[in-house]
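Data first, discussion second: the structure below is written as structure tokens.
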Amino acid sequence: MKHVYKLFIVSFIIISFLIVGLPSNSLAKGKVKTLIITTATTGGTYYPVGVALATLWTIKLVKKQKIRVNAITSAGSGENVNMLKNKEAELAILQGLFGSMAWNGTLIYKGKPFKDLRTITMLWPNVEHFVLVKNKVKTGTIIDIKGTRFSIGRAGSGTERSTLTIMSAFGMDRKSVKAEYLGYTESANAIKNKKIDGASLCAGPPVSAVTNLFATPGVHIKILEFTDEQLKTVQTKSAYPAFRYIIPANTYPGQKKAIKSIAQPNFLGVRKDLDEKTVYLLTKTIFENLPYLINIHKACRFISLDSAVNGLPAPLHPGAYKYYKEKGIPVAKEIIPPEIK
């Protein structure tokens, strides 16, 4: 025991000596604040955009502001809310549906509202891509998934929840399909290998997993549509915050016609306890470098000051609110940070 104690003391002295002997710039590096932004699986849009944001923030802020951001994969919005709650991440890309449920304490968060959730900006539409192999298509619309071998998204993911919420509007649940719980890349591979008939792959177009399927020889798929009546059904019979979204022709290889789908907003969430200055800098960096983000992923073309505060499901973070005030962006009273009211 004495030997272990002496070894500890010697080690501590050596480490202390080395630290003292380090040049001042090395010590400064030790003060870098590292933040985590949690995204989703690699085959969708959350991950590449999250990586783009993290890279941009780090490039612009690490040298002078000592802020570094790392992007990590996750199962999607459901896990992202939990990681924010458990302080495993400071930032997250989230579906509007999950933000609303978490903030208000409804549906899967009934009685357990997440009042430490804050928002930074609206991002892009989360567009529904209900993909089905063509030999299973009957009407060409969402109801065709019934009875098929269908991936509804990873368990606990935003995809799973939004898919089930949409299905509920048409009287379907997970038992209405032969449900599989796969990520986007896994779903695409399973369709190609004829292990499943289709998958829900909601994301900002173009979705890499969907592009992969359209570009694979011998694989014939269709993105199912939502009629105007079906859109109204989703809006009135579910909690899904739906709006019409047209996927333009030629978004995917060989896609010659526009597709009538639906979408919900995605947004950038943050924990309340992240300091105001940091969030202000993160917000400012996004809007001063939009061309960089757009070059990384086309979904980023939807990010703009004009729509930054539209449809946010929870209050702004004070740091983001400060930036928008400086830019003269009107903010609805419902999303003014409680800390400021």
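Following the order of the structure tokens, chains are lettered A, B, ..., residues in each are numbered from 1, and ligands are numbered from 1.
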Using only C-alpha atoms, what table do you get, as CSV, when you list each residue of stretch 229-280 of chain A with an atom no more than 9 Å from stretch 207-222 of chain A, its nearest pair of atoms, and their distance in Å rounded to one decimal, rows by chain then rising number?
residue,atom,partner,partner_atom,distance
A:Thr251,CA,A:Thr211,CA,8.5
A:Tyr252,CA,A:Thr211,CA,5.6
A:Pro253,CA,A:Phe214,CA,5.6
A:Gly254,CA,A:Phe214,CA,7.0
A:Gln255,CA,A:Phe214,CA,8.1
Any chance you could export the current selection's N, CA and C atoms as a short mmCIF file (atom, residue, chain, number, x, y, z; two decimals), in the first residue's frame?
data_model
loop_
_atom_site.label_atom_id
_atom_site.label_comp_id
_atom_site.auth_asym_id
_atom_site.auth_seq_id
_atom_site.Cartn_x
_atom_site.Cartn_y
_atom_site.Cartn_z
N THR A 251 -34.65 15.31 -58.16
CA THR A 251 -33.96 15.34 -56.87
C THR A 251 -33.16 14.05 -56.69
N TYR A 252 -33.71 12.96 -57.24
CA TYR A 252 -33.07 11.65 -57.15
C TYR A 252 -32.84 11.08 -58.55
N PRO A 253 -31.87 10.21 -58.71
CA PRO A 253 -31.56 9.64 -60.03
C PRO A 253 -32.79 8.97 -60.66
N GLY A 254 -33.12 9.39 -61.86
CA GLY A 254 -34.24 8.78 -62.58
C GLY A 254 -35.61 9.22 -62.12
N GLN A 255 -35.69 10.16 -61.18
CA GLN A 255 -36.99 10.65 -60.69
C GLN A 255 -37.46 11.77 -61.62
#
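Distance annotation: of A:Val131, A:Thr121, A:Glu180, A:Asp273, the residue with the minimal separation from A:Ile329 is A:Thr121; atom set is only C-alpha atoms.
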*Which neighbours of A:Lys87 fall inside 10 Å, counting only C-alpha atoms, when residues of the same chain fewer than 6 positions from it are skipped, and could you give them as a ChimeraX atom specification?*
/A:36,81,271,273
_With only C-alpha atoms as the counted atoms, please give the residues lying no more than 12 Å from A:Arg244, apart from itself and same-chain residues fewer than 5 positions off, as a VMD selection string._
chain A and resid 125 to 128 225 to 232 234 to 235 259 to 265
Okay, now the selection with C-alpha atoms, as a PDB file, in the first residue's frame?
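Saved to result_17.pdb:
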ATOM      1  CA  PRO A 125     -38.046  20.846 -43.506  1.00  0.00           C
ATOM      2  CA  ASN A 126     -37.917  17.226 -42.406  1.00  0.00           C
ATOM      3  CA  VAL A 127     -39.458  15.684 -45.506  1.00  0.00           C
ATOM      4  CA  GLU A 128     -41.241  12.340 -45.376  1.00  0.00           C
ATOM      5  CA  GLU A 225     -47.265  10.452 -51.965  1.00  0.00           C
ATOM      6  CA  PHE A 226     -49.826  12.155 -49.722  1.00  0.00           C
ATOM      7  CA  THR A 227     -52.980  13.427 -51.397  1.00  0.00           C
ATOM      8  CA  ASP A 228     -54.429  16.745 -50.238  1.00  0.00           C
ATOM      9  CA  GLU A 229     -57.067  14.814 -48.319  1.00  0.00           C
ATOM     10  CA  GLN A 230     -54.407  12.656 -46.665  1.00  0.00           C
ATOM     11  CA  LEU A 231     -52.451  15.762 -45.683  1.00  0.00           C
ATOM     12  CA  LYS A 232     -55.577  17.136 -43.956  1.00  0.00           C
ATOM     13  CA  VAL A 234     -52.534  13.957 -40.783  1.00  0.00           C
ATOM     14  CA  GLN A 235     -53.087  17.567 -39.688  1.00  0.00           C
ATOM     15  CA  ILE A 259     -43.541  14.013 -55.629  1.00  0.00           C
ATOM     16  CA  LYS A 260     -46.303  15.315 -53.328  1.00  0.00           C
ATOM     17  CA  SER A 261     -45.017  14.593 -49.832  1.00  0.00           C
ATOM     18  CA  ILE A 262     -45.389  16.268 -46.452  1.00  0.00           C
ATOM     19  CA  ALA A 263     -42.886  17.665 -43.969  1.00  0.00           C
ATOM     20  CA  GLN A 264     -42.373  19.039 -40.494  1.00  0.00           C
ATOM     21  CA  PRO A 265     -39.757  21.545 -39.307  1.00  0.00           C
TER      22      PRO A 265
END
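Among the candidates A:Ala102, A:Ala179, A:Val270, A:Met83, the one nearest to A:Leu282 when counting only C-alpha atoms is A:Val270.
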_For the structure I just gave you, how does DSSP split stretch 54-180 of chain A - specifically, which residues are strand (DSSP E or B)? Reply as a PyMOL selection string._
chain A and resi 67-72+91-95+117-127+130-133+141+149-151+178-180
Any chance you can output those residues with N, CA and C atoms as an mmCIF file, in the first residue's frame?
data_model
loop_
_atom_site.group_PDB
_atom_site.id
_atom_site.type_symbol
_atom_site.label_atom_id
_atom_site.label_comp_id
_atom_site.auth_asym_id
_atom_site.auth_seq_id
_atom_site.Cartn_x
_atom_site.Cartn_y
_atom_site.Cartn_z
ATOM 1 N N ILE A 67 -13.645 27.616 -28.336
ATOM 2 C CA ILE A 67 -14.838 26.772 -28.407
ATOM 3 C C ILE A 67 -14.645 25.747 -29.521
ATOM 4 N N ARG A 68 -14.782 24.486 -29.163
ATOM 5 C CA ARG A 68 -14.712 23.382 -30.127
ATOM 6 C C ARG A 68 -16.017 22.604 -30.048
ATOM 7 N N VAL A 69 -16.519 22.136 -31.200
ATOM 8 C CA VAL A 69 -17.757 21.363 -31.216
ATOM 9 C C VAL A 69 -17.524 20.044 -31.957
ATOM 10 N N ASN A 70 -17.970 18.954 -31.357
ATOM 11 C CA ASN A 70 -17.887 17.636 -31.980
ATOM 12 C C ASN A 70 -19.287 17.129 -32.275
ATOM 13 N N ALA A 71 -19.490 16.574 -33.466
ATOM 14 C CA ALA A 71 -20.770 15.974 -33.844
ATOM 15 C C ALA A 71 -20.705 14.467 -33.625
ATOM 16 N N ILE A 72 -21.780 13.900 -33.078
ATOM 17 C CA ILE A 72 -21.839 12.455 -32.866
ATOM 18 C C ILE A 72 -23.129 11.896 -33.456
ATOM 19 N N LEU A 91 -25.989 20.397 -27.484
ATOM 20 C CA LEU A 91 -26.730 20.805 -28.672
ATOM 21 C C LEU A 91 -27.318 19.579 -29.356
ATOM 22 N N ALA A 92 -28.414 19.782 -30.088
ATOM 23 C CA ALA A 92 -29.024 18.657 -30.795
ATOM 24 C C ALA A 92 -29.871 19.156 -31.950
ATOM 25 N N ILE A 93 -29.887 18.390 -33.029
ATOM 26 C CA ILE A 93 -30.833 18.626 -34.104
ATOM 27 C C ILE A 93 -32.071 17.790 -33.800
ATOM 28 N N LEU A 94 -33.240 18.431 -33.850
ATOM 29 C CA LEU A 94 -34.467 17.775 -33.410
ATOM 30 C C LEU A 94 -35.620 18.028 -34.368
ATOM 31 N N GLN A 95 -36.536 17.063 -34.420
ATOM 32 C CA GLN A 95 -37.789 17.257 -35.137
ATOM 33 C C GLN A 95 -38.684 18.203 -34.351
ATOM 34 N N LEU A 117 -35.209 22.784 -22.152
ATOM 35 C CA LEU A 117 -34.992 22.838 -23.595
ATOM 36 C C LEU A 117 -35.091 24.282 -24.083
ATOM 37 N N ARG A 118 -34.114 24.694 -24.875
ATOM 38 C CA ARG A 118 -34.144 26.006 -25.516
ATOM 39 C C ARG A 118 -33.832 25.810 -27.005
ATOM 40 N N THR A 119 -34.102 26.820 -27.798
ATOM 41 C CA THR A 119 -33.895 26.713 -29.242
ATOM 42 C C THR A 119 -32.924 27.781 -29.734
ATOM 43 N N ILE A 120 -32.304 27.494 -30.875
ATOM 44 C CA ILE A 120 -31.391 28.454 -31.498
ATOM 45 C C ILE A 120 -31.945 28.935 -32.829
ATOM 46 N N THR A 121 -32.343 28.002 -33.693
ATOM 47 C CA THR A 121 -32.889 28.402 -34.996
ATOM 48 C C THR A 121 -33.674 27.265 -35.628
ATOM 49 N N MET A 122 -34.617 27.643 -36.467
ATOM 50 C CA MET A 122 -35.241 26.668 -37.343
ATOM 51 C C MET A 122 -34.203 26.296 -38.397
ATOM 52 N N LEU A 123 -34.225 25.065 -38.865
ATOM 53 C CA LEU A 123 -33.215 24.609 -39.812
ATOM 54 C C LEU A 123 -33.821 24.358 -41.197
ATOM 55 N N TRP A 124 -34.369 23.175 -41.421
ATOM 56 C CA TRP A 124 -34.912 22.849 -42.738
ATOM 57 C C TRP A 124 -36.106 21.921 -42.563
ATOM 58 N N PRO A 125 -36.909 21.761 -43.602
ATOM 59 C CA PRO A 125 -38.046 20.846 -43.506
ATOM 60 C C PRO A 125 -37.574 19.398 -43.417
ATOM 61 N N ASN A 126 -38.177 18.653 -42.515
ATOM 62 C CA ASN A 126 -37.917 17.226 -42.406
ATOM 63 C C ASN A 126 -38.948 16.531 -43.287
ATOM 64 N N VAL A 127 -38.527 16.143 -44.476
ATOM 65 C CA VAL A 127 -39.458 15.684 -45.506
ATOM 66 C C VAL A 127 -39.664 14.169 -45.418
ATOM 67 N N PHE A 130 -41.484 7.987 -47.588
ATOM 68 C CA PHE A 130 -41.964 6.626 -47.378
ATOM 69 C C PHE A 130 -41.656 5.853 -48.658
ATOM 70 N N VAL A 131 -40.593 5.059 -48.610
ATOM 71 C CA VAL A 131 -40.097 4.358 -49.797
ATOM 72 C C VAL A 131 -40.634 2.929 -49.812
ATOM 73 N N LEU A 132 -41.122 2.506 -50.969
ATOM 74 C CA LEU A 132 -41.663 1.158 -51.094
ATOM 75 C C LEU A 132 -41.239 0.579 -52.440
ATOM 76 N N VAL A 133 -40.908 -0.727 -52.441
ATOM 77 C CA VAL A 133 -40.558 -1.370 -53.716
ATOM 78 C C VAL A 133 -41.793 -1.367 -54.613
ATOM 79 N N THR A 141 -49.774 5.881 -52.637
ATOM 80 C CA THR A 141 -49.837 6.784 -51.481
ATOM 81 C C THR A 141 -49.480 6.051 -50.192
ATOM 82 N N ARG A 149 -43.414 -5.525 -45.242
ATOM 83 C CA ARG A 149 -42.249 -5.593 -44.342
ATOM 84 C C ARG A 149 -41.590 -4.219 -44.394
ATOM 85 N N PHE A 150 -41.733 -3.464 -43.334
ATOM 86 C CA PHE A 150 -41.422 -2.031 -43.403
ATOM 87 C C PHE A 150 -40.586 -1.587 -42.203
ATOM 88 N N SER A 151 -39.498 -0.862 -42.491
ATOM 89 C CA SER A 151 -38.668 -0.313 -41.417
ATOM 90 C C SER A 151 -39.237 1.035 -40.997
ATOM 91 N N LYS A 178 -45.175 -5.315 -40.928
ATOM 92 C CA LYS A 178 -44.190 -6.213 -40.309
ATOM 93 C C LYS A 178 -42.988 -5.330 -39.979
ATOM 94 N N ALA A 179 -43.034 -4.728 -38.803
ATOM 95 C CA ALA A 179 -42.114 -3.643 -38.466
ATOM 96 C C ALA A 179 -40.684 -4.117 -38.247
ATOM 97 N N GLU A 180 -39.767 -3.373 -38.856
ATOM 98 C CA GLU A 180 -38.337 -3.524 -38.605
ATOM 99 C C GLU A 180 -37.837 -2.191 -38.043
#
_For A:Gly171, the nearest of the candidates A:Ile143, A:Leu201, A:Leu97, A:Leu293, counting only C-alpha atoms_ = A:Ile143
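Comparing the minimum interatomic distances between A:Asn82 and each of A:Tyr181, A:Tyr109, A:Trp57, A:Phe287, counting only C-alpha atoms, we find that A:Tyr109 sits nearest.
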_Of the listed residues A:Phe98, A:Phe114, A:Tyr324, A:Trp103, that which approaches A:Ser307 most closely, counting only C-alpha atoms_ = A:Tyr324
*With distances taken over only C-alpha atoms, which of A:Pro338, A:Gly269, A:Gly140, A:Gly44 is nearest to A:Tyr184?*
A:Gly44
*Name the residues of stretch 81-326 of chain A that come out as alpha helix (DSSP H) in a backbone DSSP run; write them as a PyMOL selection string.*
chain A and resi 81-85+96-104+158-169+184-192+208-215+228-237+276-287+290-296+318-326
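What separates atom CA of A:Phe302 from atom CA of A:Thr283 is a distance of 15.5 Å.
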